[in-house]
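This is structure00.cif. It holds mmCIF, C-alpha atoms.
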data_my_file
#
loop_
_atom_site.label_atom_id
_atom_site.label_comp_id
_atom_site.auth_asym_id
_atom_site.auth_seq_id
_atom_site.Cartn_x
_atom_site.Cartn_y
_atom_site.Cartn_z
CA MET A 1010 60.33 129.46 86.27
CA SER A 1011 61.97 126.43 84.80
CA SER A 1012 59.51 126.26 81.89
CA LEU A 1013 60.20 129.93 81.17
CA LEU A 1014 63.94 129.17 81.06
CA GLY A 1015 63.17 126.18 78.81
CA GLY A 1016 61.14 128.35 76.45
CA VAL A 1017 63.79 131.05 76.19
CA THR A 1018 66.45 128.36 75.63
CA LEU A 1019 64.43 126.77 72.85
CA ALA A 1020 63.91 130.15 71.16
CA GLY A 1021 67.63 130.87 71.46
CA LEU A 1022 68.60 127.51 69.96
CA VAL A 1023 66.22 127.95 67.04
CA ALA A 1024 67.53 131.47 66.42
CA GLY A 1025 71.10 130.17 66.61
CA LEU A 1026 70.41 127.39 64.13
CA VAL A 1027 68.67 129.72 61.69
CA LEU A 1028 71.52 132.24 61.92
CA GLY A 1029 74.29 129.68 61.70
CA PHE A 1030 72.87 127.31 59.14
CA GLY A 1031 70.73 129.73 57.15
CA ILE A 1032 71.77 133.35 57.25
CA ALA A 1033 75.52 133.22 57.87
CA PRO A 1034 77.52 133.10 54.62
CA ARG A 1035 79.05 129.89 53.34
CA GLU A 1036 82.75 129.63 54.16
CA ALA A 1037 84.88 129.92 51.00
CA THR A 1038 87.27 126.97 51.36
CA GLN A 1039 85.49 124.52 53.66
CA GLY A 1040 81.96 125.10 52.37
CA ASN A 1041 78.92 124.20 54.44
CA VAL A 1042 80.94 121.84 56.66
CA GLN A 1043 82.35 124.86 58.46
CA ARG A 1044 78.86 125.65 59.82
CA ILE A 1045 79.36 122.93 62.44
CA MET A 1046 81.48 125.54 64.19
CA TYR A 1047 78.22 127.08 65.45
CA LEU A 1048 77.65 123.93 67.53
CA HIS A 1049 81.25 122.89 68.17
CA VAL A 1050 82.62 126.06 69.73
CA PRO A 1051 79.66 126.77 72.06
CA SER A 1052 79.78 123.11 73.20
CA VAL A 1053 83.35 123.36 74.36
CA TRP A 1054 82.56 126.67 76.09
CA VAL A 1055 79.73 125.02 78.02
CA ALA A 1056 82.01 122.11 78.96
CA TYR A 1057 84.59 124.45 80.51
CA LEU A 1058 81.86 126.52 82.18
CA ALA A 1059 80.39 123.33 83.67
CA PHE A 1060 83.73 122.18 85.08
CA ALA A 1061 84.37 125.64 86.57
CA VAL A 1062 80.98 125.42 88.29
CA VAL A 1063 81.94 121.96 89.60
CA LEU A 1064 85.05 123.50 91.17
CA VAL A 1065 83.20 126.36 92.85
CA ALA A 1066 80.33 124.15 94.03
CA SER A 1067 82.81 121.57 95.39
CA ILE A 1068 84.65 124.18 97.46
CA VAL A 1069 81.34 125.60 98.71
CA TYR A 1070 80.21 122.11 99.67
CA LEU A 1071 83.36 121.34 101.66
CA VAL A 1072 83.17 124.66 103.51
CA ARG A 1073 79.43 124.98 104.09
CA ARG A 1074 78.26 121.35 103.76
CA ALA A 1075 75.19 122.53 101.82
CA GLU A 1076 73.63 119.61 99.98
CA SER A 1077 72.40 121.98 97.30
CA ALA A 1078 76.05 122.76 96.43
CA ASP A 1079 76.74 119.04 96.11
CA ARG A 1080 73.74 118.56 93.83
CA LEU A 1081 74.87 121.52 91.72
CA ALA A 1082 78.34 119.99 91.36
CA HIS A 1083 76.87 116.61 90.46
CA ALA A 1084 74.45 118.01 87.87
CA SER A 1085 77.07 120.33 86.41
CA ALA A 1086 79.60 117.50 86.03
CA GLU A 1087 77.06 115.37 84.19
CA VAL A 1088 76.17 118.18 81.81
CA GLY A 1089 79.89 119.00 81.40
CA VAL A 1090 80.67 115.42 80.38
CA LEU A 1091 77.74 115.50 77.96
CA PHE A 1092 78.99 118.67 76.29
CA THR A 1093 82.58 117.43 76.24
CA GLY A 1094 81.24 114.39 74.40
CA LEU A 1095 79.32 116.66 72.02
CA THR A 1096 82.50 118.67 71.41
CA ILE A 1097 84.39 115.50 70.50
CA ALA A 1098 81.54 114.24 68.29
CA THR A 1099 81.02 117.51 66.40
CA GLY A 1100 84.79 117.91 66.12
CA SER A 1101 85.12 114.44 64.59
CA ILE A 1102 82.37 115.19 62.08
CA TRP A 1103 84.13 118.46 61.21
CA GLY A 1104 87.56 116.83 61.11
CA LYS A 1105 86.71 114.04 58.67
CA PRO A 1106 86.08 116.26 55.62
CA THR A 1107 88.59 118.99 56.49
CA TRP A 1108 91.56 117.07 57.92
CA GLY A 1109 90.67 113.72 56.30
CA THR A 1110 90.49 111.88 59.60
CA TRP A 1111 87.94 111.33 62.37
CA TRP A 1112 90.54 111.44 65.06
CA THR A 1113 94.08 112.66 65.47
CA TRP A 1114 96.16 113.20 68.60
CA ASP A 1115 96.25 116.91 68.00
CA ALA A 1116 96.77 119.17 71.04
CA ARG A 1117 93.25 120.35 71.68
CA LEU A 1118 91.64 117.03 70.81
CA THR A 1119 93.91 115.37 73.34
CA THR A 1120 93.16 118.01 75.98
CA VAL A 1121 89.42 117.63 75.59
CA SER A 1122 89.60 113.84 75.61
CA ILE A 1123 91.66 113.89 78.83
CA LEU A 1124 89.04 116.14 80.42
CA PHE A 1125 86.37 113.74 79.19
CA VAL A 1126 87.93 110.69 80.90
CA MET A 1127 88.83 112.68 84.00
CA TYR A 1128 85.23 113.74 84.63
CA LEU A 1129 83.88 110.34 83.57
CA GLY A 1130 85.99 109.04 86.46
CA TYR A 1131 84.35 111.67 88.68
CA LEU A 1132 80.89 110.39 87.76
CA LEU A 1133 82.08 106.80 88.23
CA LEU A 1134 83.29 107.62 91.75
CA ARG A 1135 79.90 109.13 92.58
CA GLY A 1136 78.15 106.05 91.29
CA MET A 1137 80.30 103.69 93.36
CA ILE A 1138 79.57 105.22 96.79
CA GLU A 1139 76.23 104.44 98.42
CA ASP A 1140 76.68 106.67 101.43
CA ARG A 1141 75.42 110.04 100.24
CA GLU A 1142 77.51 112.23 102.52
CA ARG A 1143 80.76 110.35 101.84
CA GLY A 1144 80.06 110.38 98.10
CA ALA A 1145 79.57 114.14 98.20
CA ARG A 1146 82.80 114.69 100.15
CA PHE A 1147 84.95 112.49 97.90
CA ALA A 1148 83.42 113.90 94.74
CA ALA A 1149 84.14 117.42 95.98
CA VAL A 1150 87.81 116.55 96.57
CA LEU A 1151 88.07 114.97 93.12
CA GLY A 1152 86.25 117.94 91.56
CA ILE A 1153 88.89 120.25 93.03
CA VAL A 1154 91.85 118.07 91.95
CA ALA A 1155 90.44 117.74 88.44
CA ALA A 1156 89.87 121.47 88.03
CA PHE A 1157 93.38 122.36 89.19
CA ASN A 1158 94.66 119.76 86.77
CA ILE A 1159 93.08 121.44 83.73
CA PRO A 1160 95.84 124.08 83.28
CA LEU A 1161 98.49 121.35 83.61
CA VAL A 1162 96.73 119.24 80.99
CA HIS A 1163 96.51 122.31 78.78
CA PHE A 1164 100.19 123.18 78.94
CA SER A 1165 101.47 119.61 78.67
CA VAL A 1166 99.43 118.97 75.57
CA TYR A 1167 100.12 122.44 74.11
CA TRP A 1168 103.75 121.53 73.44
CA TRP A 1169 102.73 118.96 70.88
CA ARG A 1170 102.44 120.13 67.30
CA THR A 1171 98.91 121.11 66.46
CA LEU A 1172 96.71 120.60 63.43
CA HIS A 1173 93.89 122.59 64.92
CA GLN A 1174 93.05 125.97 63.47
CA PRO A 1175 93.88 128.81 65.89
CA PRO A 1176 90.96 130.28 67.83
CA SER A 1177 88.90 132.73 65.79
CA LEU A 1178 87.42 134.73 68.67
CA MET A 1179 88.98 136.45 71.67
CA LYS A 1180 92.41 136.78 70.13
CA PRO A 1181 94.48 139.96 70.02
CA GLY A 1182 94.26 142.17 66.96
CA PRO A 1183 91.32 143.00 64.72
CA GLY A 1184 88.86 140.18 64.08
CA THR A 1185 88.81 138.58 60.66
CA MET A 1186 85.25 137.32 60.71
CA PRO A 1187 82.36 139.17 59.07
CA GLY A 1188 79.80 140.60 61.50
CA VAL A 1189 77.02 138.16 60.74
CA ILE A 1190 79.21 135.16 61.58
CA VAL A 1191 80.16 136.75 64.89
CA THR A 1192 76.50 137.47 65.61
CA ALA A 1193 75.48 133.90 64.78
CA LEU A 1194 78.25 132.52 66.97
CA LEU A 1195 77.38 134.81 69.89
CA VAL A 1196 73.69 133.87 69.68
CA ASN A 1197 74.69 130.22 69.81
CA PHE A 1198 76.98 130.90 72.78
CA ALA A 1199 74.07 132.50 74.63
CA ALA A 1200 71.66 129.73 73.66
CA PHE A 1201 74.05 126.96 74.72
CA THR A 1202 74.69 128.70 78.04
CA LEU A 1203 70.94 128.87 78.64
CA LEU A 1204 70.68 125.20 77.67
CA TYR A 1205 73.37 124.44 80.24
CA ALA A 1206 71.49 126.36 82.93
CA TYR A 1207 68.26 124.58 82.00
CA PHE A 1208 69.82 121.09 82.09
CA VAL A 1209 71.59 121.77 85.39
CA THR A 1210 68.50 123.13 87.15
CA ARG A 1211 66.39 120.23 85.95
CA ARG A 1212 69.02 117.66 86.91
CA ALA A 1213 69.62 119.23 90.31
CA ARG A 1214 65.88 119.16 90.94
CA VAL A 1215 65.71 115.45 90.08
CA LEU A 1216 68.62 114.82 92.44
CA ARG A 1217 66.83 116.70 95.22
CA LEU A 1218 63.60 114.74 94.68
CA GLU A 1219 65.59 111.48 94.68
CA ALA A 1220 67.20 112.42 97.99
CA GLU A 1221 63.81 113.34 99.47
CA ALA A 1222 62.25 110.10 98.26
CA GLU A 1223 65.03 108.10 99.87
CA ALA A 1224 64.90 109.96 103.17
CA MET B 1405 104.06 116.99 118.90
CA THR B 1406 104.96 119.16 115.98
CA PHE B 1407 103.56 118.58 112.49
CA ALA B 1408 106.88 117.25 111.20
CA ARG B 1409 107.21 114.91 114.14
CA ARG B 1410 103.69 113.51 113.60
CA ALA B 1411 104.36 112.99 109.90
CA PHE B 1412 107.66 111.31 110.74
CA VAL B 1413 105.95 108.87 113.12
CA VAL B 1414 103.70 107.71 110.26
CA VAL B 1415 106.66 107.20 107.90
CA TRP B 1416 108.62 105.39 110.61
CA LYS B 1417 105.69 103.08 111.36
CA ASP B 1418 105.22 102.25 107.66
CA LEU B 1419 108.91 101.61 107.11
CA LEU B 1420 109.06 99.37 110.15
CA VAL B 1421 106.04 97.36 108.96
CA GLU B 1422 107.58 97.09 105.52
CA ARG B 1423 110.99 96.05 106.89
CA ARG B 1424 109.42 93.27 108.91
CA SER B 1425 106.90 91.97 106.38
CA LYS B 1426 108.66 92.99 103.14
CA GLU B 1427 105.42 92.11 101.37
CA THR B 1428 105.04 95.20 99.19
CA LEU B 1429 108.64 95.48 98.14
CA ASN B 1430 109.04 91.78 97.33
CA ALA B 1431 105.85 91.64 95.33
CA LEU B 1432 106.66 94.83 93.44
CA PHE B 1433 110.16 93.63 92.62
CA PHE B 1434 108.72 90.45 91.17
CA PHE B 1435 106.04 92.45 89.32
CA GLY B 1436 108.70 94.70 87.79
CA LEU B 1437 110.62 91.68 86.57
CA LEU B 1438 107.46 90.26 84.99
CA LEU B 1439 106.77 93.59 83.28
CA LEU B 1440 110.19 93.46 81.65
CA PHE B 1441 109.44 89.99 80.35
CA VAL B 1442 106.10 91.17 78.98
CA PHE B 1443 107.68 94.20 77.27
CA GLN B 1444 110.35 91.99 75.75
CA PHE B 1445 107.78 89.46 74.47
CA ALA B 1446 105.51 92.17 73.10
CA LEU B 1447 108.24 94.04 71.22
CA GLY B 1448 110.59 91.26 70.17
CA PRO B 1449 114.36 91.45 70.04
CA ASP B 1450 114.60 94.41 67.61
CA ARG B 1451 116.94 96.71 69.52
CA GLU B 1452 116.14 99.88 67.60
CA ARG B 1453 112.46 99.55 68.28
CA LEU B 1454 113.22 98.92 71.94
CA ALA B 1455 115.39 102.03 72.11
CA GLY B 1456 112.63 104.14 70.52
CA THR B 1457 109.99 102.98 72.97
CA LEU B 1458 112.24 102.90 76.03
CA PRO B 1459 111.10 106.19 77.66
CA GLY B 1460 107.46 105.13 77.38
CA LEU B 1461 108.16 101.61 78.61
CA LEU B 1462 110.15 102.90 81.55
CA TRP B 1463 107.32 105.15 82.73
CA LEU B 1464 104.75 102.47 81.98
CA GLY B 1465 106.74 100.25 84.32
CA PHE B 1466 106.91 103.00 86.95
CA ILE B 1467 103.23 103.84 86.83
CA LEU B 1468 102.02 100.24 86.76
CA SER B 1469 104.07 99.30 89.81
CA GLY B 1470 103.08 102.64 91.32
CA LEU B 1471 99.39 101.80 90.87
CA LEU B 1472 99.89 98.53 92.74
CA GLY B 1473 102.05 100.02 95.49
CA LEU B 1474 100.17 103.28 96.03
CA GLY B 1475 96.78 101.58 95.95
CA ARG B 1476 97.75 99.58 99.03
CA THR B 1477 98.76 102.61 101.13
CA PHE B 1478 95.56 102.74 103.14
CA VAL B 1479 94.15 99.31 102.37
CA VAL B 1480 96.80 97.76 104.63
CA GLU B 1481 95.52 99.92 107.50
CA ARG B 1482 92.07 98.43 107.00
CA GLU B 1483 93.41 94.86 106.67
CA ASN B 1484 95.45 95.20 109.84
CA ASP B 1485 92.58 96.89 111.72
CA CYS B 1486 94.68 100.00 112.20
CA TRP B 1487 92.33 102.43 110.44
CA GLU B 1488 90.73 103.76 113.64
CA GLY B 1489 94.10 103.96 115.31
CA LEU B 1490 95.40 106.06 112.47
CA LEU B 1491 92.38 108.38 112.69
CA LEU B 1492 92.87 108.78 116.43
CA ALA B 1493 96.30 110.28 115.91
CA PRO B 1494 96.19 113.76 117.47
CA GLY B 1495 96.30 116.97 115.46
CA ASP B 1496 94.99 117.58 111.99
CA LYS B 1497 95.04 114.75 109.50
CA SER B 1498 97.27 116.34 106.90
CA ALA B 1499 100.29 115.13 108.91
CA ILE B 1500 99.12 111.58 108.11
CA TYR B 1501 98.98 112.55 104.45
CA VAL B 1502 102.50 113.97 104.49
CA GLY B 1503 103.79 110.87 106.30
CA LYS B 1504 102.08 108.46 103.93
CA LEU B 1505 103.28 110.51 100.96
CA ALA B 1506 106.87 110.40 102.18
CA GLY B 1507 106.64 106.64 102.71
CA ASN B 1508 105.18 106.16 99.23
CA LEU B 1509 107.88 108.33 97.72
CA LEU B 1510 110.58 106.20 99.32
CA LEU B 1511 108.89 102.99 98.21
CA MET B 1512 108.43 104.19 94.63
CA LEU B 1513 111.97 105.52 94.35
CA VAL B 1514 113.33 102.15 95.50
CA ILE B 1515 111.14 100.30 93.00
CA GLU B 1516 112.10 102.70 90.22
CA THR B 1517 115.79 102.25 90.96
CA ILE B 1518 115.38 98.49 90.80
CA LEU B 1519 113.42 98.74 87.55
CA LEU B 1520 116.05 101.03 86.07
CA VAL B 1521 118.81 98.54 86.92
CA LEU B 1522 116.73 95.69 85.46
CA PHE B 1523 116.09 97.69 82.26
CA GLY B 1524 119.79 98.43 81.96
CA PHE B 1525 120.67 94.78 82.50
CA PHE B 1526 118.11 93.14 80.22
CA PHE B 1527 118.13 95.70 77.42
CA ASN B 1528 121.86 96.19 77.66
CA LEU B 1529 121.85 99.95 78.21
CA ASP B 1530 124.61 102.11 79.56
CA LEU B 1531 122.86 104.74 81.64
CA THR B 1532 125.80 106.03 83.70
CA ASN B 1533 126.28 109.21 81.64
CA VAL B 1534 122.65 110.28 81.73
CA LEU B 1535 121.97 109.17 85.28
CA PRO B 1536 122.08 112.59 87.04
CA ALA B 1537 119.69 114.18 84.54
CA LEU B 1538 117.46 111.12 84.55
CA ALA B 1539 117.34 111.19 88.35
CA VAL B 1540 116.00 114.76 88.29
CA VAL B 1541 113.21 113.83 85.86
CA ILE B 1542 112.32 110.70 87.83
CA ALA B 1543 112.29 112.54 91.16
CA LEU B 1544 110.02 115.32 89.87
CA GLY B 1545 107.68 112.85 88.17
CA THR B 1546 107.51 110.52 91.16
CA VAL B 1547 106.46 113.29 93.55
CA ALA B 1548 103.55 114.12 91.24
CA LEU B 1549 102.53 110.46 90.93
CA ALA B 1550 102.75 109.80 94.65
CA ALA B 1551 101.00 113.04 95.72
CA VAL B 1552 97.77 112.35 93.84
CA GLY B 1553 98.15 108.60 94.32
CA THR B 1554 98.28 108.92 98.11
CA LEU B 1555 95.22 111.20 98.20
CA PHE B 1556 93.17 108.94 95.90
CA ALA B 1557 94.31 105.81 97.73
CA ALA B 1558 92.84 107.25 100.94
CA MET B 1559 89.52 107.76 99.15
CA THR B 1560 89.32 104.46 97.32
CA ALA B 1561 90.30 102.49 100.45
CA GLN B 1562 86.85 103.45 101.76
CA VAL B 1563 84.95 102.51 98.59
CA ARG B 1564 83.89 99.20 97.10
CA ALA B 1565 85.56 98.07 93.86
CA ARG B 1566 88.62 100.02 94.95
CA GLU B 1567 91.07 98.03 92.79
CA LEU B 1568 89.06 99.16 89.78
CA LEU B 1569 88.37 102.71 90.84
CA PHE B 1570 91.91 103.65 91.88
CA PRO B 1571 93.59 103.36 88.44
CA VAL B 1572 90.50 104.71 86.69
CA LEU B 1573 90.66 107.89 88.78
CA LEU B 1574 94.43 108.25 88.88
CA LEU B 1575 95.44 107.67 85.25
CA PRO B 1576 93.51 110.56 83.64
CA VAL B 1577 94.68 113.01 86.31
CA GLU B 1578 98.29 111.92 85.81
CA ALA B 1579 98.10 112.35 82.02
CA PRO B 1580 100.07 115.64 81.98
CA VAL B 1581 102.71 114.14 84.29
CA LEU B 1582 103.13 111.14 82.01
CA LEU B 1583 103.42 113.32 78.91
CA ALA B 1584 106.03 115.50 80.60
CA THR B 1585 108.10 112.69 82.09
CA VAL B 1586 108.14 110.57 78.93
CA LYS B 1587 109.13 113.53 76.76
CA ALA B 1588 111.81 114.66 79.20
CA THR B 1589 113.15 111.11 79.63
CA GLU B 1590 113.30 110.72 75.85
CA ALA B 1591 115.42 113.85 75.51
CA VAL B 1592 117.66 112.94 78.42
CA LEU B 1593 118.29 109.42 77.11
CA LEU B 1594 119.37 110.96 73.80
CA GLY B 1595 122.06 112.82 75.74
CA GLU B 1596 120.45 116.25 75.76
CA THR B 1597 120.92 118.58 78.71
CA LEU B 1598 118.29 119.36 81.30
CA GLY B 1599 118.17 122.89 79.91
CA SER B 1600 116.64 121.61 76.69
CA VAL B 1601 113.71 120.14 78.61
CA ALA B 1602 113.34 123.02 81.06
CA HIS B 1603 109.71 123.61 80.04
CA TRP B 1604 108.81 120.01 80.94
CA LEU B 1605 110.68 120.23 84.24
CA LYS B 1606 108.87 123.44 85.10
CA LEU B 1607 105.55 121.77 84.33
CA LEU B 1608 106.47 118.84 86.58
CA ALA B 1609 107.55 121.19 89.37
CA ALA B 1610 104.25 123.08 89.04
CA ALA B 1611 102.36 119.77 89.14
CA ASP B 1612 104.28 118.72 92.27
CA VAL B 1613 103.41 121.96 94.05
CA VAL B 1614 99.74 121.93 93.01
CA TYR B 1615 99.17 118.25 93.82
CA VAL B 1616 100.90 118.33 97.21
CA ALA B 1617 99.09 121.54 98.18
CA VAL B 1618 95.67 120.20 97.15
CA GLY B 1619 96.46 116.91 98.93
CA VAL B 1620 97.42 118.63 102.18
CA LEU B 1621 94.38 120.93 102.05
CA THR B 1622 91.75 118.30 101.20
CA PHE B 1623 93.04 115.27 103.10
CA ASP B 1624 91.08 116.18 106.24
CA PHE B 1625 87.83 115.87 104.28
CA VAL B 1626 88.80 112.45 102.96
CA MET B 1627 89.47 111.03 106.43
CA GLU B 1628 86.37 112.38 108.15
CA GLY B 1629 84.11 109.35 108.09
#

Entire entry expressed as structure tokens:
Amino acid sequence: MSSLLGGVTLAGLVAGLVLGFGIAPREATQGNVQRIMYLHVPSVWVAYLAFAVVLVASIVYLVRRAESADRLAHASAEVGVLFTGLTIATGSIWGKPTWGTWWTWDARLTTVSILFVMYLGYLLLRGMIEDRERGARFAAVLGIVAAFNIPLVHFSVYWWRTLHQPPSLMKPGPGTMPGVIVTALLVNFAAFTLLYAYFVTRRARVLRLEAEAEA
Amino acid sequence: MTFARRAFVVVWKDLLVERRSKETLNALFFFGLLLLFVFQFALGPDRERLAGTLPGLLWLGFILSGLLGLGRTFVVERENDCWEGLLLAPGDKSAIYVGKLAGNLLLMLVIETILLVLFGFFFNLDLTNVLPALAVVIALGTVALAAVGTLFAAMTAQVRARELLFPVLLLPVEAPVLLATVKATEAVLLGETLGSVAHWLKLLAAADVVYVAVGVLTFDFVMEG
């Protein structure tokens, strides 16, 4: 099952890369640099998806006390932090040639970096508690606080002036992107989501085996 | 006993302990004074630069003393062997949270008032005209700080390396509160009305509601073990 998911994910990633870096047209003003969008935007989507899963799994854990929900939250948080890091890294690489700087305290960069440190703290808390049940409970509480904090982070940072280009997808009005770019982006979205599912199932399995080995 | 009564008992107990020992308040007063010295040494005597950084410095002072004060909320119960006694209190645990939160709010507001007076004295500021508006911003911001701080303090009191973990968990979560309070304080100190910072005040009010609600709802889970 998991190797099937892995295979489909790999095929999706390859297709996404070929579409984004080969077939999609070169952007007129930014040139080839703009192609990093095909990695950058799906990464941030996966990060938000992962943190939403942490929220749901945390609530389920506190209500049902199912260890599988705790392992799902743990695995999802780790993958979320990874993809938040990837978002920051790909964004920096994109920002240097287009904005002339690796880093700027622009609204969305700040938002993502706050999420990054918030969930790093979540993983740190998990690492500091030996007692498995207590660690799961505290992490669930923090996972809920952090998720409810995301809209507040968003709005507080939104009121700063922004350098970032406005979102190209999911905005009102007719789209401005040619079809092939949209297709390439959507394929990458699907592939990254599969990659997320693959990572989380693998990580949750390792966590389960660790717990069994300890018991 | 009603919920309010149970929460009140916790506040009363904490205030009584604090009145007799005075350890937290004395130490925090001294810490605030030291912070002012440090700010002054770091920035030098240039008054314009001081004025520009004042809102940030003020909230830096509040949050640093808050970290020290809030972090001790539940540690003192462990040190005094009162942890089990606290857990044995009848009814659901969120009354303990509300009581501890109220006590922390009082403590922080006292410290913040002292810090504000010290800032005014050492940096030669006249704050009388902006005081009502400033008080609104400080009150809204302090509730948000104390609400999450009290919840996290209950968790970290049961964890090793708590002195390290508490600020590391609290600071990122409080990032929106800090942004909002510093920006609102900046505007208020420049003599602008509260209406001009209404969006920040609304954000702070939303944060207060969300944090207190999540604290009340999840506190039971924190105090289980």

Against chain A, which residues of chain B fall within 7 Å? For each one I want the closest pair of atoms and the distance in Å (one decimal), counting only C-alpha atoms, rows by chain and increasing residue number, as JSON lines.
{"residue": "B:Met1559", "atom": "CA", "partner": "A:Phe1147", "partner_atom": "CA", "distance": 6.7}
{"residue": "B:Val1563", "atom": "CA", "partner": "A:Ile1138", "partner_atom": "CA", "distance": 6.3}
{"residue": "B:Arg1564", "atom": "CA", "partner": "A:Met1137", "partner_atom": "CA", "distance": 6.9}
{"residue": "B:Val1572", "atom": "CA", "partner": "A:Gly1130", "partner_atom": "CA", "distance": 6.3}
{"residue": "B:Leu1573", "atom": "CA", "partner": "A:Gly1130", "partner_atom": "CA", "distance": 5.3}
{"residue": "B:Pro1576", "atom": "CA", "partner": "A:Met1127", "partner_atom": "CA", "distance": 5.2}
{"residue": "B:Val1577", "atom": "CA", "partner": "A:Met1127", "partner_atom": "CA", "distance": 6.3}
{"residue": "B:Pro1580", "atom": "CA", "partner": "A:Val1162", "partner_atom": "CA", "distance": 5.0}
{"residue": "B:Leu1583", "atom": "CA", "partner": "A:Ser1165", "partner_atom": "CA", "distance": 6.6}
{"residue": "B:Ala1584", "atom": "CA", "partner": "A:Ser1165", "partner_atom": "CA", "distance": 6.4}
{"residue": "B:Ala1611", "atom": "CA", "partner": "A:Leu1161", "partner_atom": "CA", "distance": 6.9}
{"residue": "B:Val1618", "atom": "CA", "partner": "A:Val1154", "partner_atom": "CA", "distance": 6.8}
{"residue": "B:Thr1622", "atom": "CA", "partner": "A:Val1150", "partner_atom": "CA", "distance": 6.3}
{"residue": "B:Phe1625", "atom": "CA", "partner": "A:Arg1146", "partner_atom": "CA", "distance": 6.6}
{"residue": "B:Val1626", "atom": "CA", "partner": "A:Phe1147", "partner_atom": "CA", "distance": 6.4}

- request: Compile the contact shell of Arg1214 in chain A as a ChimeraX atom specification: residues with an atom at most 12 Å away, counting all atoms listed in the file, same-chain residues fewer than 2 positions apart removed.
  value: /A:1011,1076-1077,1080-1081,1083-1084,1207-1212,1216-1221

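Picked by the PyMOL selection byres ((chain B and resi 1461-1474) around 7) from the coordinates shown: Thr1428, Leu1432, Gly1436, Leu1439, Thr1457, Leu1458, Pro1459, Gly1460, Gly1475, Arg1476, Thr1477, Asn1508, Met1512, Glu1516, Gly1553, Thr1554, Ala1557, Pro1571 and Val1586 of chain B.
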
message: With all atoms listed in the file as the counted atoms, please give the residues lying no more than 8 Å from range 1090-1107 of chain A, apart from itself and same-chain residues fewer than 6 positions off, as a PyMOL selection string.
response: chain A and resi 1039+1042-1043+1045+1048-1050+1052-1053+1055-1056+1118+1121-1122+1124-1125+1128-1129

field: Result set, the PyMOL selection byres ((chain B and resi 1518) around 12) on current file, as a PyMOL selection string
entry: chain B and resi 1429-1430+1432-1437+1440+1462+1465-1466+1469+1511-1517+1519-1525

- request: Determine, counting only C-alpha atoms, which protein, DNA and RNA residues have an atom within 6 Å of an atom of range 1188-1199 of chain A; residues of the same chain fewer than 5 positions away are not included. Present the result as number ranges by chain.
  value: A: 1025, 1028-1029, 1033, 1047, 1051

message: Could you tell me, as a PyMOL selection string, exactly which residues end up selected when the PyMOL selection byres ((chain B and resi 1550-1552) around 7) is applied to this structure?
response: chain B and resi 1505+1508-1509+1546-1549+1553-1556+1615-1616+1619

Kindly write range 1056-1092 of chain A with C-alpha atoms to a file, as a PDB file, in the first residue's frame.
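In the end it all went to selection-v5.pdb:
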ATOM      1  CA  ALA A1056       2.591  23.343   5.135  1.00  0.00           C
ATOM      2  CA  TYR A1057      -0.889  24.748   5.801  1.00  0.00           C
ATOM      3  CA  LEU A1058      -2.505  21.379   5.096  1.00  0.00           C
ATOM      4  CA  ALA A1059      -0.127  19.738   7.580  1.00  0.00           C
ATOM      5  CA  PHE A1060      -0.910  22.245  10.330  1.00  0.00           C
ATOM      6  CA  ALA A1061      -4.655  21.827   9.732  1.00  0.00           C
ATOM      7  CA  VAL A1062      -4.210  18.068  10.140  1.00  0.00           C
ATOM      8  CA  VAL A1063      -2.285  18.711  13.389  1.00  0.00           C
ATOM      9  CA  LEU A1064      -5.285  20.677  14.682  1.00  0.00           C
ATOM     10  CA  VAL A1065      -7.841  18.004  13.811  1.00  0.00           C
ATOM     11  CA  ALA A1066      -5.664  15.146  15.076  1.00  0.00           C
ATOM     12  CA  SER A1067      -4.982  17.039  18.325  1.00  0.00           C
ATOM     13  CA  ILE A1068      -8.685  17.540  19.017  1.00  0.00           C
ATOM     14  CA  VAL A1069      -9.390  13.887  18.171  1.00  0.00           C
ATOM     15  CA  TYR A1070      -6.613  12.816  20.527  1.00  0.00           C
ATOM     16  CA  LEU A1071      -7.927  14.860  23.448  1.00  0.00           C
ATOM     17  CA  VAL A1072     -11.466  13.560  22.946  1.00  0.00           C
ATOM     18  CA  ARG A1073     -10.807   9.924  22.069  1.00  0.00           C
ATOM     19  CA  ARG A1074      -7.294   9.379  23.492  1.00  0.00           C
ATOM     20  CA  ALA A1075      -6.378   7.347  20.403  1.00  0.00           C
ATOM     21  CA  GLU A1076      -2.613   7.031  20.147  1.00  0.00           C
ATOM     22  CA  SER A1077      -2.900   6.844  16.379  1.00  0.00           C
ATOM     23  CA  ALA A1078      -4.294  10.409  16.382  1.00  0.00           C
ATOM     24  CA  ASP A1079      -1.299  11.539  18.438  1.00  0.00           C
ATOM     25  CA  ARG A1080       1.121   9.883  16.031  1.00  0.00           C
ATOM     26  CA  LEU A1081      -0.678  11.499  13.094  1.00  0.00           C
ATOM     27  CA  ALA A1082      -0.353  14.927  14.741  1.00  0.00           C
ATOM     28  CA  HIS A1083       3.322  14.333  15.488  1.00  0.00           C
ATOM     29  CA  ALA A1084       4.157  13.130  11.972  1.00  0.00           C
ATOM     30  CA  SER A1085       2.104  15.880  10.353  1.00  0.00           C
ATOM     31  CA  ALA A1086       3.804  18.595  12.421  1.00  0.00           C
ATOM     32  CA  GLU A1087       7.241  17.331  11.420  1.00  0.00           C
ATOM     33  CA  VAL A1088       6.333  17.269   7.738  1.00  0.00           C
ATOM     34  CA  GLY A1089       4.676  20.696   8.105  1.00  0.00           C
ATOM     35  CA  VAL A1090       7.842  22.200   9.568  1.00  0.00           C
ATOM     36  CA  LEU A1091       9.851  20.600   6.762  1.00  0.00           C
ATOM     37  CA  PHE A1092       7.634  22.124   4.084  1.00  0.00           C
TER      38      PHE A1092
END
